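In what follows, a single structure is set out as structure tokens and then discussed.
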Amino acid sequence: MPHAWAIRAMSFGLDATLAAKQMGHSLATHTQTYHLALNEREQQAAYDVLLAHYIQT
């Protein structure tokens with residue numbers, strides 16, 4: 001379950017530092033564990049969310 005939440009959080013553009021804190025581990029652990037699990041489609045989805053946010057502001 002934590003893997004699914006972490007990947008979903010990244011896909012929606014949640015800051016990795018915040019996600020790591022919410023999961024109770026360091027940013028380094030979070031990045032090494034969960035960012036490797038993102039496939040190209042999930043990476044593109046996260047990018048699209050962030051881009052849409054910045055375009056609207």
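Labels used: A, B, ... for chains in the order of the structure tokens, numbers from 1 for residues in each chain, and numbers from 1 for ligands as shown.
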
* Residues near Leu14 of chain A, cut-off 12 Å, only C-alpha atoms, skip fewer than 4 positions along chain, as a PyMOL selection string -> chain A and resi 5-10+18-22+46-47+49-50+53

Just to be explicit: take each residue in the selection above, keep C-alpha atoms, and write the result as an mmCIF file, in the first residue's frame.
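again.cif, written as the output of this step:
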data_model
loop_
_atom_site.group_PDB
_atom_site.id
_atom_site.type_symbol
_atom_site.label_atom_id
_atom_site.label_comp_id
_atom_site.auth_asym_id
_atom_site.auth_seq_id
_atom_site.Cartn_x
_atom_site.Cartn_y
_atom_site.Cartn_z
ATOM 1 C CA TRP A 5 0.426 5.936 -2.302
ATOM 2 C CA ALA A 6 3.955 7.185 -2.935
ATOM 3 C CA ILE A 7 3.694 6.697 -6.678
ATOM 4 C CA ARG A 8 0.230 8.258 -6.799
ATOM 5 C CA ALA A 9 1.465 11.260 -4.794
ATOM 6 C CA MET A 10 4.314 11.774 -7.263
ATOM 7 C CA LEU A 18 6.402 16.429 1.857
ATOM 8 C CA ALA A 19 5.584 12.913 0.674
ATOM 9 C CA ALA A 20 8.686 11.551 2.429
ATOM 10 C CA LYS A 21 7.762 13.298 5.688
ATOM 11 C CA GLN A 22 4.208 11.992 5.502
ATOM 12 C CA ALA A 46 3.333 14.223 -12.962
ATOM 13 C CA TYR A 47 4.968 16.658 -15.370
ATOM 14 C CA VAL A 49 0.051 18.251 -13.535
ATOM 15 C CA LEU A 50 2.898 20.564 -12.586
ATOM 16 C CA HIS A 53 -0.477 24.360 -12.327
#

* Identify, on the basis of only C-alpha atoms, every residue whose closest approach to Thr33 of chain A does not exceed 12 Å; exclude the query and any residue fewer than 2 positions from it along the same chain; express the result as a PyMOL selection string. => chain A and resi 2-4+6-7+16+20+23+25-31+35-38
